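Engineer: Got target-v6.cif for you, mmCIF, C-alpha atoms:
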```cif
data_model
loop_
_atom_site.group_PDB
_atom_site.id
_atom_site.type_symbol
_atom_site.label_atom_id
_atom_site.label_comp_id
_atom_site.auth_asym_id
_atom_site.auth_seq_id
_atom_site.Cartn_x
_atom_site.Cartn_y
_atom_site.Cartn_z
ATOM 1 C CA LEU A 1 124.954 127.603 91.039
ATOM 2 C CA VAL A 2 123.662 125.031 88.559
ATOM 3 C CA CYS A 3 120.079 125.528 89.771
ATOM 4 C CA ALA A 4 120.313 129.246 88.937
ATOM 5 C CA CYS A 5 120.980 128.393 85.275
ATOM 6 C CA ASP A 6 118.232 128.365 82.658
ATOM 7 C CA MET A 7 119.550 125.260 80.919
ATOM 8 C CA VAL A 8 122.099 122.735 82.161
ATOM 9 C CA TYR A 9 123.894 120.160 80.028
ATOM 10 C CA SER A 10 125.980 117.432 81.610
ATOM 11 C CA VAL A 11 128.163 114.531 80.605
ATOM 12 C CA ARG A 12 127.202 111.084 81.805
ATOM 13 C CA GLY A 13 129.338 110.291 84.801
ATOM 14 C CA ALA A 14 129.117 113.765 86.352
ATOM 15 C CA TYR A 15 127.714 114.139 89.882
ATOM 16 C CA PHE A 16 125.791 116.984 91.501
ATOM 17 C CA ALA A 17 125.727 117.545 95.266
ATOM 18 C CA MET A 18 124.980 120.049 98.005
ATOM 19 C CA SER A 19 127.444 119.294 100.795
ATOM 20 C CA GLU A 20 126.703 122.193 103.155
ATOM 21 C CA THR A 21 124.818 120.145 105.766
ATOM 22 C CA LYS A 22 127.723 117.685 105.857
ATOM 23 C CA LEU A 23 129.932 120.675 106.691
ATOM 24 C CA GLY A 24 127.593 121.969 109.387
ATOM 25 C CA ALA A 25 126.314 124.827 107.239
ATOM 26 C CA VAL A 26 123.039 125.789 105.548
ATOM 27 C CA PRO A 27 122.903 126.212 101.753
ATOM 28 C CA SER A 28 120.992 129.446 102.340
ATOM 29 C CA THR A 29 121.571 131.323 99.085
ATOM 30 C CA SER A 30 121.001 128.189 97.007
ATOM 31 C CA ILE A 31 117.732 126.988 98.521
ATOM 32 C CA PRO A 32 115.389 129.322 96.580
ATOM 33 C CA TYR A 33 116.965 128.264 93.290
ATOM 34 C CA ILE A 34 116.993 124.584 94.180
ATOM 35 C CA SER A 35 113.374 124.517 95.322
ATOM 36 C CA ARG A 36 112.257 126.275 92.124
ATOM 37 C CA ARG A 37 114.250 123.957 89.895
ATOM 38 C CA VAL A 38 113.765 120.562 91.553
ATOM 39 C CA THR A 39 110.338 119.122 90.786
ATOM 40 C CA TYR A 40 109.426 117.446 94.079
ATOM 41 C CA ILE A 41 110.075 118.575 97.657
ATOM 42 C CA LYS A 42 111.169 115.038 98.581
ATOM 43 C CA ASP A 43 113.997 115.400 96.053
ATOM 44 C CA VAL A 44 114.930 118.830 97.448
ATOM 45 C CA TYR A 45 115.237 117.177 100.860
ATOM 46 C CA GLN A 46 117.469 114.419 99.497
ATOM 47 C CA LEU A 47 119.751 117.010 97.991
ATOM 48 C CA VAL A 48 119.919 119.697 100.700
ATOM 49 C CA LEU A 49 119.111 117.819 103.916
ATOM 50 C CA ALA A 50 120.719 114.446 103.250
ATOM 51 C CA GLY A 51 123.570 115.793 101.109
ATOM 52 C CA ALA A 52 122.873 113.268 98.340
ATOM 53 C CA SER A 53 125.374 113.060 95.508
ATOM 54 C CA LEU A 54 123.328 112.714 92.334
ATOM 55 C CA PRO A 55 124.562 111.118 89.130
ATOM 56 C CA ALA A 56 123.757 113.215 86.039
ATOM 57 C CA GLU A 57 120.845 110.962 85.061
ATOM 58 C CA THR A 58 119.207 111.381 88.485
ATOM 59 C CA ALA A 59 119.872 115.128 88.382
ATOM 60 C CA LYS A 60 117.965 115.154 85.097
ATOM 61 C CA GLU A 61 115.051 113.276 86.696
ATOM 62 C CA TYR A 62 115.066 115.843 89.538
ATOM 63 C CA GLY A 63 114.909 118.712 87.039
ATOM 64 C CA ILE A 64 118.408 120.036 87.736
ATOM 65 C CA VAL A 65 119.896 118.951 84.415
ATOM 66 C CA THR A 66 118.267 119.630 81.050
ATOM 67 C CA GLU A 67 120.143 117.046 79.008
ATOM 68 C CA VAL A 68 122.752 114.346 79.624
ATOM 69 C CA VAL A 69 125.212 113.506 76.849
ATOM 70 C CA GLU A 70 127.840 110.785 76.527
ATOM 71 C CA ASP A 71 131.120 112.692 76.499
ATOM 72 C CA ALA A 72 132.883 116.060 76.239
ATOM 73 C CA ALA A 73 132.615 116.146 72.434
ATOM 74 C CA ALA A 74 128.848 115.577 72.594
ATOM 75 C CA LEU A 75 128.614 118.220 75.343
ATOM 76 C CA GLU A 76 130.403 120.770 73.177
ATOM 77 C CA ALA A 77 128.170 119.928 70.191
ATOM 78 C CA GLU A 78 124.992 120.194 72.295
ATOM 79 C CA CYS A 79 126.081 123.521 73.788
ATOM 80 C CA GLN A 80 126.949 124.923 70.352
ATOM 81 C CA ALA A 81 123.544 123.804 69.051
ATOM 82 C CA LEU A 82 121.935 125.708 71.949
ATOM 83 C CA CYS A 83 124.027 128.778 71.115
ATOM 84 C CA ASP A 84 122.932 128.480 67.477
ATOM 85 C CA ARG A 85 119.256 128.376 68.541
ATOM 86 C CA MET A 86 119.690 131.281 70.953
ATOM 87 C CA THR A 87 121.405 133.369 68.239
ATOM 88 C CA LEU A 88 118.064 133.432 66.420
ATOM 89 C CA CYS A 89 116.225 134.826 69.462
ATOM 90 C CA ALA A 90 116.087 138.545 70.264
ATOM 91 C CA PRO A 91 117.922 139.122 73.569
ATOM 92 C CA GLY A 92 115.398 141.621 74.952
ATOM 93 C CA ALA A 93 112.463 139.389 74.045
ATOM 94 C CA VAL A 94 114.197 136.449 75.746
ATOM 95 C CA ALA A 95 114.778 138.530 78.890
ATOM 96 C CA ALA A 96 111.165 139.767 78.948
ATOM 97 C CA THR A 97 109.836 136.257 78.374
ATOM 98 C CA LYS A 98 111.983 134.874 81.187
ATOM 99 C CA GLU A 99 110.739 137.627 83.495
ATOM 100 C CA VAL A 100 107.106 136.789 82.663
ATOM 101 C CA VAL A 101 107.721 133.081 83.253
ATOM 102 C CA MET A 102 109.445 133.719 86.594
ATOM 103 C CA ASN A 103 106.770 136.171 87.748
ATOM 104 C CA THR A 104 103.840 133.935 86.807
ATOM 105 C CA LEU A 105 105.193 130.492 87.702
ATOM 106 C CA GLY A 106 102.740 128.817 90.047
ATOM 107 C CA VAL A 107 100.381 131.804 90.022
ATOM 108 C CA PRO A 108 96.816 130.942 89.018
ATOM 109 C CA PRO A 109 95.511 132.945 86.054
ATOM 110 C CA SER A 110 93.742 136.116 87.136
ATOM 111 C CA SER A 111 92.807 139.419 85.563
ATOM 112 C CA PHE A 112 95.796 141.021 87.336
ATOM 113 C CA MET A 113 98.216 138.408 85.981
ATOM 114 C CA MET A 114 96.794 138.581 82.467
ATOM 115 C CA GLY A 115 97.010 142.383 82.589
ATOM 116 C CA TYR A 116 100.665 142.100 83.606
ATOM 117 C CA VAL A 117 101.418 139.690 80.752
ATOM 118 C CA ALA A 118 99.531 141.877 78.255
ATOM 119 C CA ALA A 119 101.489 144.957 79.377
ATOM 120 C CA VAL A 120 104.841 143.189 78.899
ATOM 121 C CA VAL A 121 103.766 141.873 75.490
ATOM 122 C CA ALA A 122 102.588 145.332 74.387
ATOM 123 C CA GLU A 123 105.826 146.956 75.531
ATOM 124 C CA VAL A 124 108.017 144.402 73.752
ATOM 125 C CA ARG A 125 105.953 144.546 70.552
ATOM 126 C CA GLN A 126 106.478 148.319 70.400
ATOM 127 C CA GLY A 127 110.218 147.960 70.905
ATOM 128 C CA PRO A 128 113.037 147.959 68.389
ATOM 129 C CA GLU A 129 113.556 144.180 68.457
ATOM 130 C CA ALA A 130 109.975 143.380 67.444
ATOM 131 C CA LYS A 131 110.102 146.001 64.697
ATOM 132 C CA GLY A 132 113.486 144.683 63.565
ATOM 133 C CA GLY A 133 112.227 141.102 63.592
ATOM 134 C CA LEU A 134 109.163 141.932 61.511
ATOM 135 C CA GLY A 135 111.317 143.975 59.131
ATOM 136 C CA ALA A 136 113.701 141.051 58.750
ATOM 137 C CA ILE A 137 110.843 138.698 57.869
ATOM 138 C CA GLN A 138 109.445 141.151 55.331
ATOM 139 C CA SER A 139 112.826 141.650 53.682
ATOM 140 C CA ARG A 140 113.720 137.945 53.913
ATOM 141 C CA ARG A 141 116.896 138.444 55.917
ATOM 142 C CA LYS A 142 118.172 137.585 59.369
ATOM 143 C CA PRO A 143 117.383 140.070 62.130
ATOM 144 C CA ASN A 144 120.333 142.150 63.378
ATOM 145 C CA TRP A 145 120.814 140.095 66.548
ATOM 146 C CA ALA A 146 121.211 136.901 64.487
ATOM 147 C CA GLU A 147 124.035 138.270 62.334
ATOM 148 C CA ALA A 148 126.767 137.472 64.870
ATOM 149 C CA PRO A 149 126.532 133.872 66.075
ATOM 150 C CA ILE A 150 127.069 133.082 69.736
ATOM 151 C CA GLN A 151 130.317 131.146 70.088
ATOM 152 C CA LEU A 152 131.349 128.821 72.878
ATOM 153 C CA ALA A 153 134.274 130.042 74.931
ATOM 154 C CA SER A 154 137.407 128.042 74.246
#
```
Output the structure of this file as structure tokens.

Structural biologist:
Amino acid sequence: LVCACDMVYSVRGAYFAMSETKLGAVPSTSIPYISRRVTYIKDVYQLVLAGASLPAETAKEYGIVTEVVEDAAALEAECQALCDRMTLCAPGAVAATKEVVMNTLGVPPSSFMMGYVAAVVAEVRQGPEAKGGLGAIQSRRKPNWAEAPIQLAS
């Protein structure tokens, strides 16, 4: 599940593991997410074949964890800072950007790929978020999506 997340924050002392092979099973639904997230295939093998239990720092080296913090208070502060940054980003533009990243990851640049990216950019720029964002800049105010901050669940 962690490998399906865009950003992962962890406290020092946490461990990450895939125990399916130890249970005689295959982590079938997880493998595509793990192999996209973990940088090197040798590390994927350690995690899914050997059932390694990774400390948070190693999980960060593998690419599973974005940031490791000292304790729960630092984790909450880091997560709220992320929410504060994400509040400033238009949700539709974030979704479109993520789609472009996922669809072009590892694909060499080509006229087809650049045409795809240009089409997404053109569509988003004609949408209400782009118009609202430009209007907000011109009127020196926050865009509508940034009016209600994202709050951490209690």

Engineer: Counting only C-alpha atoms, which residues in stretch 17-52 of chain A sit no more than 12 Å from stretch 94-107 of chain A? For each one, give the nearest pair of atoms and the distance in Å, sorted by chain then residue number, as a tab-separated table.

Structural biologist:
```
residue	atom	partner	partner_atom	distance
A:Tyr33	CA	A:Met102	CA	11.5
A:Arg36	CA	A:Leu105	CA	9.3
A:Arg37	CA	A:Met102	CA	11.4
```

Engineer: Between A:Asp43, A:Glu76, A:Asp84, A:Glu57, which is the closest to A:Ala153 once you count only C-alpha atoms?

Structural biologist: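 Among the listed residues, A:Glu76 lies closest to A:Ala153.
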
Engineer: Edge lengths and centre in Å to one decimal, as AutoDock Vina command-line options, of the axis-aligned box that encloses all listed atoms of stretch 104-117 of chain A with 4 Å added on every side?

Structural biologist:
```
--center_x 99.0 --center_y 135.6 --center_z 85.4 --size_x 20.4 --size_y 21.6 --size_z 17.3
```

Engineer: Go through A:Pro91, A:Pro109, A:Pro55, A:Pro128 and flag the residue nearest A:Gly13, using only C-alpha atoms for the distances.

Structural biologist: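 Selected residue with least distance to A:Gly13: A:Pro55.
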
Engineer: Using the chain letters and residue numbers of this document, give as a PyMOL selection string the residues selected by the PyMOL selection byres ((chain A and resi 17-32) around 10).

Structural biologist: chain A and resi 1-4+15-16+33-37+44+46-55+59

Engineer: Compile the contact shell of A:Gly127 as a list of chain:residue names: residues with an atom at most 12 Å away, counting all atoms listed in the file, same-chain residues fewer than 4 positions apart removed.

Structural biologist: A:Ala90, A:Gly92, A:Ala93, A:Ala96, A:Val120, A:Val121, A:Ala122, A:Glu123, A:Lys131, A:Gly132, A:Gly133, A:Leu134

Engineer: I need the output of the PyMOL selection byres ((chain A and resi 64-71) around 7) for this file as a ChimeraX atom specification; which residues are they?

Structural biologist: /A:3,7-12,37-38,56-57,59-60,62-63,72-75
